[in-house]
>>> print(open('data-v4.cif').read())   # mmCIF, C-alpha atoms
data_start
loop_
_atom_site.label_atom_id
_atom_site.label_comp_id
_atom_site.auth_asym_id
_atom_site.auth_seq_id
_atom_site.Cartn_x
_atom_site.Cartn_y
_atom_site.Cartn_z
CA MET A 166 -2.64 23.31 -61.01
CA ASP A 167 -5.81 24.47 -59.25
CA PHE A 168 -7.63 21.72 -61.12
CA PHE A 169 -5.95 19.18 -58.85
CA THR A 170 -6.58 21.05 -55.59
CA ILE A 171 -8.97 19.19 -53.30
CA THR A 172 -10.25 19.71 -49.77
CA LEU A 173 -9.78 16.63 -47.62
CA PRO A 174 -13.08 15.78 -45.89
CA ILE A 175 -11.84 15.00 -42.37
CA SER A 176 -8.91 17.31 -41.64
CA GLY A 177 -10.23 20.05 -43.93
CA VAL A 178 -6.72 20.47 -45.40
CA GLU A 179 -6.58 21.86 -48.95
CA ILE A 180 -4.01 19.97 -50.98
CA ASN A 181 -2.87 19.35 -54.53
CA ALA A 182 -3.85 15.73 -55.30
CA LEU A 183 -1.07 15.47 -57.88
CA LEU A 184 1.51 16.08 -55.14
CA LEU A 185 0.01 13.21 -53.13
CA VAL A 186 0.17 10.89 -56.15
CA LEU A 187 3.81 11.84 -56.83
CA LEU A 188 4.72 11.33 -53.17
CA GLY A 189 3.01 7.92 -53.35
CA VAL A 190 5.00 6.99 -56.47
CA ALA A 191 8.32 8.04 -54.87
CA VAL A 192 7.76 6.25 -51.58
CA GLY A 193 6.36 3.21 -53.41
CA VAL A 194 9.47 2.96 -55.60
CA LEU A 195 11.98 3.46 -52.77
CA GLY A 196 10.01 1.37 -50.25
CA GLY A 197 9.73 -1.58 -52.65
CA PHE A 198 13.40 -1.26 -53.61
CA PHE A 199 14.98 -0.79 -50.17
CA GLY A 200 12.37 -2.59 -48.02
CA MET A 201 11.38 0.43 -45.98
CA GLY A 202 8.12 1.99 -44.86
CA GLY A 203 9.50 5.39 -45.75
CA ALA A 204 7.97 7.23 -42.79
CA TRP A 205 11.11 9.40 -42.67
CA MET A 206 10.13 10.74 -46.13
CA VAL A 207 6.32 10.78 -46.02
CA THR A 208 5.57 12.19 -42.55
CA PRO A 209 7.65 15.39 -43.00
CA ALA A 210 6.41 15.76 -46.59
CA LEU A 211 2.74 15.56 -45.50
CA ASN A 212 3.50 18.00 -42.71
CA ILE A 213 5.04 20.40 -45.25
CA PHE A 214 1.91 19.97 -47.45
CA GLY A 215 -0.19 21.25 -44.52
CA PHE A 216 -1.23 18.14 -42.56
CA PRO A 217 -1.19 18.57 -38.76
CA MET A 218 1.53 16.21 -37.40
CA PRO A 219 -0.81 13.55 -35.86
CA PHE A 220 -2.75 13.35 -39.16
CA ALA A 221 0.54 13.13 -41.07
CA VAL A 222 1.69 10.17 -38.93
CA GLY A 223 -1.68 8.33 -39.02
CA THR A 224 -2.18 8.86 -42.76
CA ASP A 225 1.39 7.74 -43.43
CA LEU A 226 0.97 4.53 -41.37
CA CYS A 227 -2.26 3.65 -43.18
CA HIS A 228 -0.74 4.31 -46.60
CA MET A 229 2.41 2.40 -45.55
CA ALA A 230 0.30 -0.68 -44.77
CA GLY A 231 -1.43 -0.61 -48.18
CA LYS A 232 1.82 0.01 -50.03
CA SER A 233 3.63 -2.75 -48.12
CA ILE A 234 0.88 -5.23 -49.06
CA ILE A 235 1.60 -4.53 -52.75
CA SER A 236 5.39 -4.81 -52.32
CA THR A 237 5.25 -7.85 -50.01
CA ARG A 238 3.00 -9.76 -52.47
CA ARG A 239 5.49 -9.14 -55.25
CA HIS A 240 8.54 -9.99 -53.08
CA ALA A 241 6.80 -13.17 -51.86
CA LYS A 242 6.38 -14.26 -55.49
CA PHE A 243 10.12 -13.75 -56.00
CA GLY A 244 10.65 -15.94 -52.89
CA ASN A 245 12.12 -13.04 -50.92
CA VAL A 246 9.96 -13.20 -47.78
CA ASP A 247 11.02 -15.30 -44.80
CA MET A 248 7.83 -15.20 -42.72
CA LYS A 249 9.30 -17.22 -39.85
CA LEU A 250 12.19 -14.79 -39.53
CA GLY A 251 9.78 -11.85 -39.89
CA PHE A 252 7.56 -13.04 -37.04
CA ILE A 253 10.53 -13.72 -34.72
CA MET A 254 12.11 -10.34 -35.44
CA LEU A 255 8.80 -8.50 -35.10
CA ALA A 256 7.90 -10.10 -31.74
CA PHE A 257 11.20 -9.01 -30.17
CA ASP A 258 11.35 -5.76 -32.14
CA VAL A 259 8.20 -4.50 -30.43
CA VAL A 260 9.53 -5.33 -26.96
CA GLY A 261 12.57 -3.21 -27.86
CA ILE A 262 10.32 -0.39 -29.15
CA GLU A 263 8.49 -0.34 -25.82
CA ILE A 264 11.72 -0.05 -23.81
CA GLY A 265 13.16 2.52 -26.25
CA ALA A 266 10.01 4.64 -25.88
CA ARG A 267 10.36 4.52 -22.08
CA VAL A 268 13.99 5.70 -22.29
CA VAL A 269 12.72 8.64 -24.36
CA MET A 270 10.11 9.47 -21.69
CA PHE A 271 12.90 9.44 -19.08
CA LEU A 272 15.09 11.75 -21.19
CA GLU A 273 12.08 14.00 -21.76
CA LYS A 274 11.73 14.43 -17.99
CA LEU A 275 15.38 15.54 -17.91
CA GLY A 276 14.70 17.91 -20.82
CA LEU A 277 17.29 16.15 -22.98
CA ALA A 278 15.12 14.12 -25.38
CA GLY A 279 15.25 16.27 -28.54
CA PRO A 280 19.00 16.87 -29.01
CA VAL A 281 20.10 13.48 -27.58
CA ILE A 282 17.75 11.58 -29.92
CA ARG A 283 18.77 13.59 -32.96
CA TRP A 284 22.51 13.15 -32.35
CA VAL A 285 22.18 9.43 -31.60
CA TYR A 286 20.21 9.19 -34.86
CA VAL A 287 23.01 11.00 -36.72
CA VAL A 288 25.66 8.69 -35.22
CA PHE A 289 23.73 5.56 -36.21
CA LEU A 290 23.00 6.80 -39.72
CA ALA A 291 26.70 7.66 -40.11
CA LEU A 292 27.73 4.19 -38.86
CA ILE A 293 25.28 2.45 -41.23
CA GLY A 294 26.46 4.62 -44.13
CA ILE A 295 30.15 3.92 -43.41
CA LEU A 296 29.44 0.19 -42.98
CA VAL A 297 27.59 -0.02 -46.30
CA PHE A 298 30.31 1.87 -48.20
CA TYR A 299 33.08 -0.19 -46.57
CA ASP A 300 31.19 -3.38 -47.46
CA PHE A 301 30.80 -2.21 -51.07
CA TYR A 302 34.51 -1.30 -51.30
CA LYS A 303 35.55 -4.70 -49.91
CA LYS A 304 33.22 -6.49 -52.31
CA GLN A 305 34.82 -4.62 -55.23
CA GLN A 306 38.25 -5.82 -54.00
CA LEU A 307 36.98 -9.41 -53.72
CA ASP A 308 35.50 -9.25 -57.23
CA LYS A 309 38.81 -7.95 -58.59
CA ALA A 310 40.63 -10.82 -56.84
CA GLY A 311 38.26 -13.24 -58.62
CA ALA A 312 36.41 -14.39 -55.49
CA ASP A 313 33.13 -16.33 -55.67
CA GLU A 314 30.22 -14.05 -56.65
CA ALA A 315 28.17 -15.21 -53.65
CA GLN A 316 30.94 -14.42 -51.14
CA SER A 317 30.02 -11.59 -48.78
CA ALA A 318 32.54 -8.88 -47.99
CA ILE A 319 31.48 -8.44 -44.36
CA THR A 320 30.96 -11.77 -42.62
CA TRP A 321 29.91 -10.84 -39.08
CA HIS A 322 26.91 -13.14 -39.44
CA GLU A 323 29.20 -16.14 -39.88
CA THR A 324 30.77 -15.47 -36.48
CA LEU A 325 27.33 -14.94 -34.93
CA HIS A 326 26.07 -18.21 -36.42
CA LYS A 327 28.77 -20.04 -34.45
CA ILE A 328 26.95 -19.18 -31.21
CA LYS A 329 24.74 -22.22 -30.87
CA ILE A 330 22.57 -21.50 -27.82
CA PRO A 331 19.41 -23.65 -28.10
CA PRO A 332 16.80 -23.63 -29.46
CA MET A 333 18.16 -23.54 -33.00
CA VAL A 334 15.95 -22.35 -35.87
CA LYS A 335 16.08 -23.07 -39.57
CA LEU A 336 15.15 -20.13 -41.74
CA PRO A 337 14.82 -21.78 -45.14
CA VAL A 338 14.06 -18.73 -47.27
CA ALA A 339 16.96 -16.77 -45.80
CA GLY A 340 19.13 -19.90 -46.03
CA VAL A 341 20.19 -19.50 -42.40
CA GLU A 342 20.35 -21.90 -39.46
CA CYS A 343 21.14 -20.19 -36.18
CA SER A 344 20.21 -19.87 -32.54
CA LEU A 345 16.72 -18.41 -32.06
CA TRP A 346 18.38 -15.85 -29.82
CA LEU A 347 20.25 -14.29 -32.73
CA PRO A 348 17.21 -12.95 -34.67
CA ALA A 349 15.49 -12.37 -31.32
CA SER A 350 18.28 -10.18 -29.95
CA VAL A 351 18.84 -8.39 -33.27
CA GLY A 352 15.08 -7.71 -33.48
CA PHE A 353 15.13 -6.44 -29.91
CA MET A 354 18.10 -4.12 -30.57
CA VAL A 355 16.55 -2.75 -33.76
CA GLY A 356 13.28 -2.17 -31.88
CA LEU A 357 15.11 -0.51 -28.99
CA LEU A 358 16.77 1.93 -31.39
CA ALA A 359 13.61 2.47 -33.42
CA GLY A 360 11.59 3.17 -30.27
CA PHE A 361 14.29 5.49 -28.99
CA LEU A 362 14.67 7.34 -32.27
CA GLY A 363 10.92 7.43 -33.00
CA ILE A 364 11.21 5.87 -36.45
CA GLY A 365 9.59 2.84 -38.08
CA GLY A 366 12.79 0.82 -38.10
CA GLY A 367 13.05 -0.27 -41.75
CA LEU A 368 16.14 1.89 -42.08
CA LEU A 369 17.80 -0.17 -39.31
CA MET A 370 16.16 -3.55 -39.94
CA MET A 371 17.40 -3.93 -43.52
CA PRO A 372 21.16 -3.65 -42.73
CA ALA A 373 20.66 -5.69 -39.53
CA LEU A 374 19.12 -8.54 -41.54
CA VAL A 375 21.98 -8.42 -44.04
CA TYR A 376 25.02 -7.98 -41.79
CA LEU A 377 23.96 -9.66 -38.53
CA ILE A 378 21.54 -12.39 -39.62
CA GLY A 379 23.22 -13.09 -42.97
CA CYS A 380 20.18 -12.72 -45.24
CA PRO A 381 20.74 -12.16 -48.93
CA THR A 382 19.88 -8.51 -49.71
CA PHE A 383 16.67 -9.48 -51.56
CA VAL A 384 15.37 -11.59 -48.65
CA ALA A 385 16.26 -8.76 -46.23
CA VAL A 386 14.18 -6.34 -48.32
CA GLY A 387 11.19 -8.71 -48.63
CA THR A 388 11.19 -9.80 -44.98
CA ASP A 389 11.55 -6.23 -43.79
CA LEU A 390 8.52 -5.23 -45.88
CA PHE A 391 6.53 -8.12 -44.41
CA THR A 392 7.12 -6.88 -40.85
CA ILE A 393 6.37 -3.29 -41.92
CA MET A 394 3.06 -4.46 -43.41
CA LEU A 395 1.94 -6.07 -40.13
CA ALA A 396 3.02 -3.11 -37.99
CA GLY A 397 1.48 -0.65 -40.48
CA LEU A 398 -1.91 -2.40 -40.41
CA TYR A 399 -2.14 -2.17 -36.65
CA GLY A 400 -0.80 1.40 -36.72
CA ALA A 401 -3.53 2.31 -39.22
CA PHE A 402 -6.18 0.80 -36.96
CA THR A 403 -5.04 2.50 -33.77
CA TYR A 404 -4.63 5.90 -35.44
CA GLY A 405 -8.06 5.35 -37.06
CA VAL A 406 -9.66 4.83 -33.65
CA LYS A 407 -7.96 8.04 -32.49
CA GLY A 408 -9.36 9.80 -35.54
CA ARG A 409 -6.05 10.74 -37.12
CA ILE A 410 -6.37 9.19 -40.58
CA GLU A 411 -7.29 11.08 -43.74
CA LEU A 412 -8.61 8.13 -45.75
CA LEU A 413 -9.03 10.03 -49.04
CA ALA A 414 -5.35 11.07 -48.93
CA VAL A 415 -4.38 7.43 -48.22
CA LEU A 416 -6.29 6.20 -51.27
CA ILE A 417 -4.84 8.92 -53.54
CA MET A 418 -1.30 8.13 -52.35
CA LEU A 419 -1.93 4.41 -52.84
CA ALA A 420 -2.93 5.07 -56.46
CA GLY A 421 0.61 6.41 -56.96
CA ALA A 422 2.28 3.89 -54.66
CA ALA A 423 0.81 0.88 -56.51
CA PRO A 424 2.79 1.36 -59.74
CA GLY A 425 5.68 2.78 -57.69
CA ALA A 426 5.90 -0.30 -55.45
CA GLN A 427 5.81 -2.59 -58.50
CA ILE A 428 8.59 -0.63 -60.18
CA GLY A 429 10.71 -0.59 -57.01
CA THR A 430 10.20 -4.29 -56.34
CA ILE A 431 10.74 -5.39 -59.94
CA ALA A 432 13.90 -3.24 -60.05
CA THR A 433 15.43 -5.58 -57.43
CA LYS A 434 15.25 -8.25 -60.16
CA TYR A 435 17.66 -6.34 -62.36
CA ILE A 436 19.95 -4.52 -59.92
CA ARG A 437 22.59 -6.52 -58.02
CA GLY A 438 22.22 -6.85 -54.26
CA TYR A 439 25.38 -4.79 -53.76
CA GLY A 440 23.96 -2.07 -56.00
CA ILE A 441 20.92 -1.91 -53.71
CA ARG A 442 23.22 -1.72 -50.67
CA LEU A 443 25.24 1.13 -52.21
CA MET A 444 22.12 3.17 -53.06
CA PHE A 445 20.80 2.47 -49.58
CA GLY A 446 24.05 3.87 -48.16
CA VAL A 447 23.70 7.07 -50.20
CA THR A 448 20.08 7.47 -49.03
CA VAL A 449 21.13 6.96 -45.40
CA ILE A 450 23.84 9.63 -45.71
CA CYS A 451 21.30 12.08 -47.21
CA ALA A 452 18.91 11.33 -44.32
CA MET A 453 21.79 11.99 -41.92
CA ALA A 454 22.62 15.33 -43.60
CA SER A 455 18.97 16.30 -43.35
CA VAL A 456 18.85 15.54 -39.59
CA ILE A 457 22.05 17.55 -39.00
CA LEU A 458 20.63 20.53 -40.94
CA LYS A 459 17.42 20.36 -38.90
CA GLN A 460 19.44 20.21 -35.67
CA VAL A 461 21.37 23.37 -36.54
CA GLY A 462 18.12 25.18 -37.37
CA TRP A 463 18.17 24.96 -41.17
CA GLY A 464 14.77 23.25 -41.53
CA GLY A 465 14.23 24.50 -45.10
CA ALA A 466 17.56 23.14 -46.30
CA ALA A 467 16.86 19.84 -44.48
CA SER A 468 13.57 19.39 -46.39
CA TRP A 469 15.32 20.37 -49.64
CA VAL A 470 18.06 17.74 -49.12
CA ILE A 471 15.59 14.97 -48.33
CA MET A 472 13.24 15.80 -51.22
CA THR A 473 16.12 16.07 -53.71
CA ALA A 474 17.60 12.77 -52.52
CA VAL A 475 14.20 11.06 -52.75
CA SER A 476 13.59 12.43 -56.28
CA ILE A 477 17.05 11.42 -57.58
CA MET A 478 16.93 7.93 -56.02
CA THR A 479 13.41 7.38 -57.38
CA LEU A 480 14.56 8.32 -60.88
CA VAL A 481 17.63 6.06 -60.64
CA VAL A 482 15.48 3.07 -59.58
CA ILE A 483 12.88 3.75 -62.30
CA VAL A 484 15.60 4.00 -64.98
CA GLY A 485 17.26 0.80 -63.63
CA MET A 486 13.94 -1.06 -63.76
CA PHE A 487 13.07 0.06 -67.30
CA LYS A 488 16.58 -0.69 -68.60
CA GLY A 489 16.49 -4.18 -67.08
CA ALA A 490 12.97 -4.83 -68.39
CA ALA A 491 13.91 -3.65 -71.90
CA GLN A 492 16.94 -5.98 -71.86
CA GLU A 493 14.83 -8.93 -70.74
CA LEU A 494 12.20 -8.31 -73.40
CA ARG A 495 14.88 -7.91 -76.08
CA ALA A 496 16.49 -11.19 -75.01
CA LYS A 497 13.10 -12.93 -75.12
CA ARG A 498 12.38 -11.60 -78.61
CA LEU A 499 15.79 -12.74 -79.86
CA SER A 500 15.31 -16.21 -78.38
CA HIS A 501 11.87 -16.49 -80.06
CA GLU A 502 13.38 -15.40 -83.37
CA GLY A 503 16.14 -17.98 -82.88
CA HIS A 504 13.54 -20.74 -82.62
CA MET B 249 -5.67 -28.19 -22.90
CA LEU B 250 -3.09 -28.05 -25.67
CA ILE B 251 -5.44 -26.01 -27.87
CA ARG B 252 -6.11 -23.62 -24.98
CA LYS B 253 -2.38 -23.20 -24.49
CA LYS B 254 -1.89 -22.55 -28.19
CA VAL B 255 -4.72 -19.96 -28.24
CA LEU B 256 -3.23 -18.23 -25.18
CA ALA B 257 0.24 -18.25 -26.76
CA LEU B 258 -1.17 -16.80 -29.98
CA ALA B 259 -3.09 -14.10 -28.08
CA TRP B 260 0.02 -13.21 -26.07
CA GLY B 261 2.11 -13.10 -29.25
CA LEU B 262 -0.38 -10.83 -30.98
CA ALA B 263 -0.58 -8.56 -27.93
CA MET B 264 3.22 -8.30 -27.83
CA VAL B 265 3.31 -7.49 -31.53
CA LEU B 266 0.53 -4.96 -31.48
CA ALA B 267 0.67 -3.19 -28.12
CA PRO B 268 3.78 -1.04 -28.72
CA VAL B 269 2.35 0.32 -31.98
CA GLY B 270 -0.57 1.49 -29.87
CA LEU B 271 1.87 3.10 -27.49
CA MET B 272 3.52 4.83 -30.43
CA ALA B 273 0.10 6.14 -31.47
CA GLU B 274 -0.35 7.54 -27.97
CA GLY B 275 3.07 9.15 -28.06
CA GLY B 276 4.28 12.38 -29.58
CA GLU B 277 2.25 15.53 -29.06
CA LYS B 278 -0.55 14.92 -26.57
CA GLN B 279 -3.76 15.13 -28.55
CA GLY B 280 -6.03 13.11 -26.25
CA LYS B 281 -8.29 15.97 -25.22
CA LEU B 282 -8.55 17.48 -28.69
CA VAL B 283 -11.89 16.54 -30.26
CA HIS B 284 -11.76 16.82 -34.00
CA VAL B 285 -15.05 16.93 -35.88
CA ALA B 286 -15.20 16.63 -39.67
CA ASP B 287 -17.16 19.38 -41.39
CA THR B 288 -19.69 17.48 -43.52
CA ARG B 289 -21.27 20.56 -45.13
CA GLY B 290 -20.91 20.41 -48.89
CA LEU B 291 -19.69 16.80 -48.91
CA THR B 292 -21.31 14.09 -51.04
CA GLY B 293 -20.96 10.37 -51.72
CA PHE B 294 -17.83 8.59 -50.41
CA ASN B 295 -16.53 11.69 -48.61
CA LEU B 296 -19.87 12.32 -46.86
CA TYR B 297 -20.18 8.68 -45.78
CA PHE B 298 -16.69 8.57 -44.25
CA ALA B 299 -16.88 12.02 -42.67
CA ASP B 300 -20.22 11.02 -41.07
CA LEU B 301 -18.79 7.72 -39.89
CA TYR B 302 -15.74 9.57 -38.51
CA ASN B 303 -18.03 11.85 -36.47
CA THR B 304 -20.33 9.11 -35.19
CA ASN B 305 -18.42 5.84 -34.81
CA ARG B 306 -14.61 5.96 -34.65
CA LEU B 307 -14.18 2.21 -34.14
CA LEU B 308 -16.16 1.37 -37.27
CA PHE B 309 -14.32 4.16 -39.11
CA ALA B 310 -10.97 2.59 -38.14
CA ILE B 311 -12.08 -0.92 -39.12
CA GLU B 312 -13.45 0.24 -42.48
CA ALA B 313 -10.34 2.36 -43.13
CA VAL B 314 -8.08 -0.66 -42.55
CA LEU B 315 -10.32 -2.96 -44.63
CA ILE B 316 -10.45 -0.49 -47.52
CA THR B 317 -6.67 -0.05 -47.36
CA VAL B 318 -6.16 -3.84 -47.48
CA ILE B 319 -8.69 -4.30 -50.32
CA MET B 320 -7.19 -1.40 -52.25
CA GLY B 321 -3.64 -2.73 -51.69
CA VAL B 322 -4.53 -6.25 -52.83
CA THR B 323 -6.64 -5.06 -55.79
CA LEU B 324 -3.99 -2.63 -57.02
CA GLY B 325 -1.33 -5.32 -56.56
CA ILE B 326 -3.32 -7.80 -58.68
CA LEU B 327 -4.04 -5.15 -61.34
CA MET B 328 -0.36 -4.24 -61.52
CA ASP B 329 0.58 -7.93 -61.76
CA LYS B 330 -1.76 -8.30 -64.75
CA LEU B 331 -0.34 -5.15 -66.34
CA VAL B 332 3.24 -6.35 -65.89
CA SER B 333 2.45 -9.83 -67.25
CA VAL B 334 0.79 -8.25 -70.31
CA ILE B 335 4.07 -6.43 -70.95
CA GLY B 336 5.73 -9.88 -70.91
CA LEU B 337 8.10 -9.69 -67.93
CA ASP B 338 8.87 -12.93 -66.12
CA LEU B 339 8.22 -12.22 -62.46
CA SER B 340 8.78 -15.73 -61.19
CA LYS B 341 12.57 -15.65 -61.10
CA ARG B 342 15.51 -13.27 -60.96
CA SER B 343 18.70 -13.39 -62.93
CA VAL B 344 21.01 -11.18 -60.86
CA LYS B 345 22.64 -12.24 -57.61
CA GLU B 346 24.33 -10.48 -54.72
#
>>> encode(input="data-v4.cif", output="structure tokens")
Amino acid sequence: MDFFTITLPISGVEINALLLVLLGVAVGVLGGFFGMGGAWMVTPALNIFGFPMPFAVGTDLCHMAGKSIISTRRHAKFGNVDMKLGFIMLAFDVVGIEIGARVVMFLEKLGLAGPVIRWVYVVFLALIGILVFYDFYKKQQLDKAGADEAQSAITWHETLHKIKIPPMVKLPVAGVECSLWLPASVGFMVGLLAGFLGIGGGLLMMPALVYLIGCPTFVAVGTDLFTIMLAGLYGAFTYGVKGRIELLAVLIMLAGAAPGAQIGTIATKYIRGYGIRLMFGVTVICAMASVILKQVGWGGAASWVIMTAVSIMTLVVIVGMFKGAAQELRAKRLSHEGH
Amino acid sequence: MLIRKKVLALAWGLAMVLAPVGLMAEGGEKQGKLVHVADTRGLTGFNLYFADLYNTNRLLFAIEAVLITVIMGVTLGILMDKLVSVIGLDLSKRSVKE
């Protein structure tokens, strides 16, 4: 394995390049599949590999931007990106981030920031997990009752769409017409939580787009990635100016993330939206378990849980993609033979 | 007048979008006073160029890092598209629904 060990030119960190490529593949697959930046996986992993924390964050943001470009291009070709919705959400999301960050500063002064943030994070992850599983269960019941395939199990968005405070906006890709204040306030709330919890927000944005705005799962994933791409590019720039990017590591990770992002994104073509939601729920619960373990002082076990969950989910998505692709190619061959 | 208004609105929008990310970069552990210098001894080629640029001009380093990331992302995306189309997968439509 020494063959793959390199010394990074800026931070001077010695690292196994193969590990960086594998991390890139995993985060590419899961990011493209769930519509997340994956900072909650990459930053701690880089830190474990020996990166000082500011370098881990900066390098992750830069890599996240490159990876999101690959995934967003692919999702845009599938027609999954609602740019109008993305811009509205992002504009209000960042206002929320700013206020959330200030709340953290206030809590820090009181000496309460660490535990309060972690437990709020746990509560939200638990709520998202429960919501996703409940939604999946209800959908199964609807399917058994012979309901329309397109019918959603949780229909909060339908109630929210009835609030018609002007101006109204048409979001053609998402297939939604609602008050501008709906995506604006959802974006603001997601940003507020993301700023408070110190995370990128993809983990919150994806379910918010599905359950509150009423986006189909695929459009939620694509639009989420679009906003992550824009935020990641600026994050890369600002961390670059502050000298906290290890460009060589970014490029090595991107080499793994490129095929990974394609696999993750193409897998959304073969796996039902509700399948994506269910896997997302499992990932959220694993992230929650990891935060709880860290809070009670079991840092090693926390890393183990997150890395195992990431590895298993990555394998499941890869297998799903290859099975779907094999089926499609077989069907194509049969149809050619038929002609 | 209308154009000026539009430019101002665009600038304000961009500032709103981008400023908090900058704040996030400032956050966390305070590293403002820490001056990090890359050790260029023994480096060659690409690594030497970027380590030198890192030590001498951070703004240019940041701009080039972002540009390279974008170029690499787009190039790898196009290469992967070609690879996938060679395999014969139809990436223009999906068959599964919600």
>>> resolve_selection(input="data-v4.cif", expression="the PyMOL selection byres ((chain A) within 8 of (chain B))", output="ChimeraX atom specification")
/A:174-177,219,227-228,230-232,234-236,238-239,242-243,255-256,259-260,262-263,266,314-315,381-382,396,398-408,412-413,415-416,419-420,423-424,427,431,434-439,490,493-494
>>> write_last_selection(input="data-v4.cif", atoms="C-alpha atoms", output="PDB file, in the coordinates of the input")
ATOM      1  CA  PRO A 174     -13.080  15.780 -45.890  1.00  0.00           C
ATOM      2  CA  ILE A 175     -11.840  15.000 -42.370  1.00  0.00           C
ATOM      3  CA  SER A 176      -8.910  17.310 -41.640  1.00  0.00           C
ATOM      4  CA  GLY A 177     -10.230  20.050 -43.930  1.00  0.00           C
ATOM      5  CA  PRO A 219      -0.810  13.550 -35.860  1.00  0.00           C
ATOM      6  CA  CYS A 227      -2.260   3.650 -43.180  1.00  0.00           C
ATOM      7  CA  HIS A 228      -0.740   4.310 -46.600  1.00  0.00           C
ATOM      8  CA  ALA A 230       0.300  -0.680 -44.770  1.00  0.00           C
ATOM      9  CA  GLY A 231      -1.430  -0.610 -48.180  1.00  0.00           C
ATOM     10  CA  LYS A 232       1.820   0.010 -50.030  1.00  0.00           C
ATOM     11  CA  ILE A 234       0.880  -5.230 -49.060  1.00  0.00           C
ATOM     12  CA  ILE A 235       1.600  -4.530 -52.750  1.00  0.00           C
ATOM     13  CA  SER A 236       5.390  -4.810 -52.320  1.00  0.00           C
ATOM     14  CA  ARG A 238       3.000  -9.760 -52.470  1.00  0.00           C
ATOM     15  CA  ARG A 239       5.490  -9.140 -55.250  1.00  0.00           C
ATOM     16  CA  LYS A 242       6.380 -14.260 -55.490  1.00  0.00           C
ATOM     17  CA  PHE A 243      10.120 -13.750 -56.000  1.00  0.00           C
ATOM     18  CA  LEU A 255       8.800  -8.500 -35.100  1.00  0.00           C
ATOM     19  CA  ALA A 256       7.900 -10.100 -31.740  1.00  0.00           C
ATOM     20  CA  VAL A 259       8.200  -4.500 -30.430  1.00  0.00           C
ATOM     21  CA  VAL A 260       9.530  -5.330 -26.960  1.00  0.00           C
ATOM     22  CA  ILE A 262      10.320  -0.390 -29.150  1.00  0.00           C
ATOM     23  CA  GLU A 263       8.490  -0.340 -25.820  1.00  0.00           C
ATOM     24  CA  ALA A 266      10.010   4.640 -25.880  1.00  0.00           C
ATOM     25  CA  GLU A 314      30.220 -14.050 -56.650  1.00  0.00           C
ATOM     26  CA  ALA A 315      28.170 -15.210 -53.650  1.00  0.00           C
ATOM     27  CA  PRO A 381      20.740 -12.160 -48.930  1.00  0.00           C
ATOM     28  CA  THR A 382      19.880  -8.510 -49.710  1.00  0.00           C
ATOM     29  CA  ALA A 396       3.020  -3.110 -37.990  1.00  0.00           C
ATOM     30  CA  LEU A 398      -1.910  -2.400 -40.410  1.00  0.00           C
ATOM     31  CA  TYR A 399      -2.140  -2.170 -36.650  1.00  0.00           C
ATOM     32  CA  GLY A 400      -0.800   1.400 -36.720  1.00  0.00           C
ATOM     33  CA  ALA A 401      -3.530   2.310 -39.220  1.00  0.00           C
ATOM     34  CA  PHE A 402      -6.180   0.800 -36.960  1.00  0.00           C
ATOM     35  CA  THR A 403      -5.040   2.500 -33.770  1.00  0.00           C
ATOM     36  CA  TYR A 404      -4.630   5.900 -35.440  1.00  0.00           C
ATOM     37  CA  GLY A 405      -8.060   5.350 -37.060  1.00  0.00           C
ATOM     38  CA  VAL A 406      -9.660   4.830 -33.650  1.00  0.00           C
ATOM     39  CA  LYS A 407      -7.960   8.040 -32.490  1.00  0.00           C
ATOM     40  CA  GLY A 408      -9.360   9.800 -35.540  1.00  0.00           C
ATOM     41  CA  LEU A 412      -8.610   8.130 -45.750  1.00  0.00           C
ATOM     42  CA  LEU A 413      -9.030  10.030 -49.040  1.00  0.00           C
ATOM     43  CA  VAL A 415      -4.380   7.430 -48.220  1.00  0.00           C
ATOM     44  CA  LEU A 416      -6.290   6.200 -51.270  1.00  0.00           C
ATOM     45  CA  LEU A 419      -1.930   4.410 -52.840  1.00  0.00           C
ATOM     46  CA  ALA A 420      -2.930   5.070 -56.460  1.00  0.00           C
ATOM     47  CA  ALA A 423       0.810   0.880 -56.510  1.00  0.00           C
ATOM     48  CA  PRO A 424       2.790   1.360 -59.740  1.00  0.00           C
ATOM     49  CA  GLN A 427       5.810  -2.590 -58.500  1.00  0.00           C
ATOM     50  CA  ILE A 431      10.740  -5.390 -59.940  1.00  0.00           C
ATOM     51  CA  LYS A 434      15.250  -8.250 -60.160  1.00  0.00           C
ATOM     52  CA  TYR A 435      17.660  -6.340 -62.360  1.00  0.00           C
ATOM     53  CA  ILE A 436      19.950  -4.520 -59.920  1.00  0.00           C
ATOM     54  CA  ARG A 437      22.590  -6.520 -58.020  1.00  0.00           C
ATOM     55  CA  GLY A 438      22.220  -6.850 -54.260  1.00  0.00           C
ATOM     56  CA  TYR A 439      25.380  -4.790 -53.760  1.00  0.00           C
ATOM     57  CA  ALA A 490      12.970  -4.830 -68.390  1.00  0.00           C
ATOM     58  CA  GLU A 493      14.830  -8.930 -70.740  1.00  0.00           C
ATOM     59  CA  LEU A 494      12.200  -8.310 -73.400  1.00  0.00           C
TER      60      LEU A 494
END
>>> atom_distance(input="data-v4.cif", atom1="atom CA of Phe216 of chain A", atom2="atom CA of Val186 of chain A")
15.5 Å
>>> atom_distance(input="data-v4.cif", atom1="atom CA of His240 of chain A", atom2="atom CA of Phe383 of chain A")
8.3 Å
>>> resolve_selection(input="data-v4.cif", expression="the PyMOL selection byres ((chain A and resi 458) around 12)", output="number ranges by chain")
A: 283-284, 287, 451-457, 459-471
>>> resolve_selection(input="data-v4.cif", expression="the PyMOL selection byres ((chain A and resi 319) around 8)", output="short mmCIF file (atom, residue, chain, number, x, y, z; two decimals) with C-alpha atoms, keeping the file's coordinate frame")
data_model
loop_
_atom_site.label_atom_id
_atom_site.label_comp_id
_atom_site.auth_asym_id
_atom_site.auth_seq_id
_atom_site.Cartn_x
_atom_site.Cartn_y
_atom_site.Cartn_z
CA ASP A 300 31.19 -3.38 -47.46
CA LYS A 303 35.55 -4.70 -49.91
CA SER A 317 30.02 -11.59 -48.78
CA ALA A 318 32.54 -8.88 -47.99
CA THR A 320 30.96 -11.77 -42.62
CA TRP A 321 29.91 -10.84 -39.08
CA TYR A 376 25.02 -7.98 -41.79
#
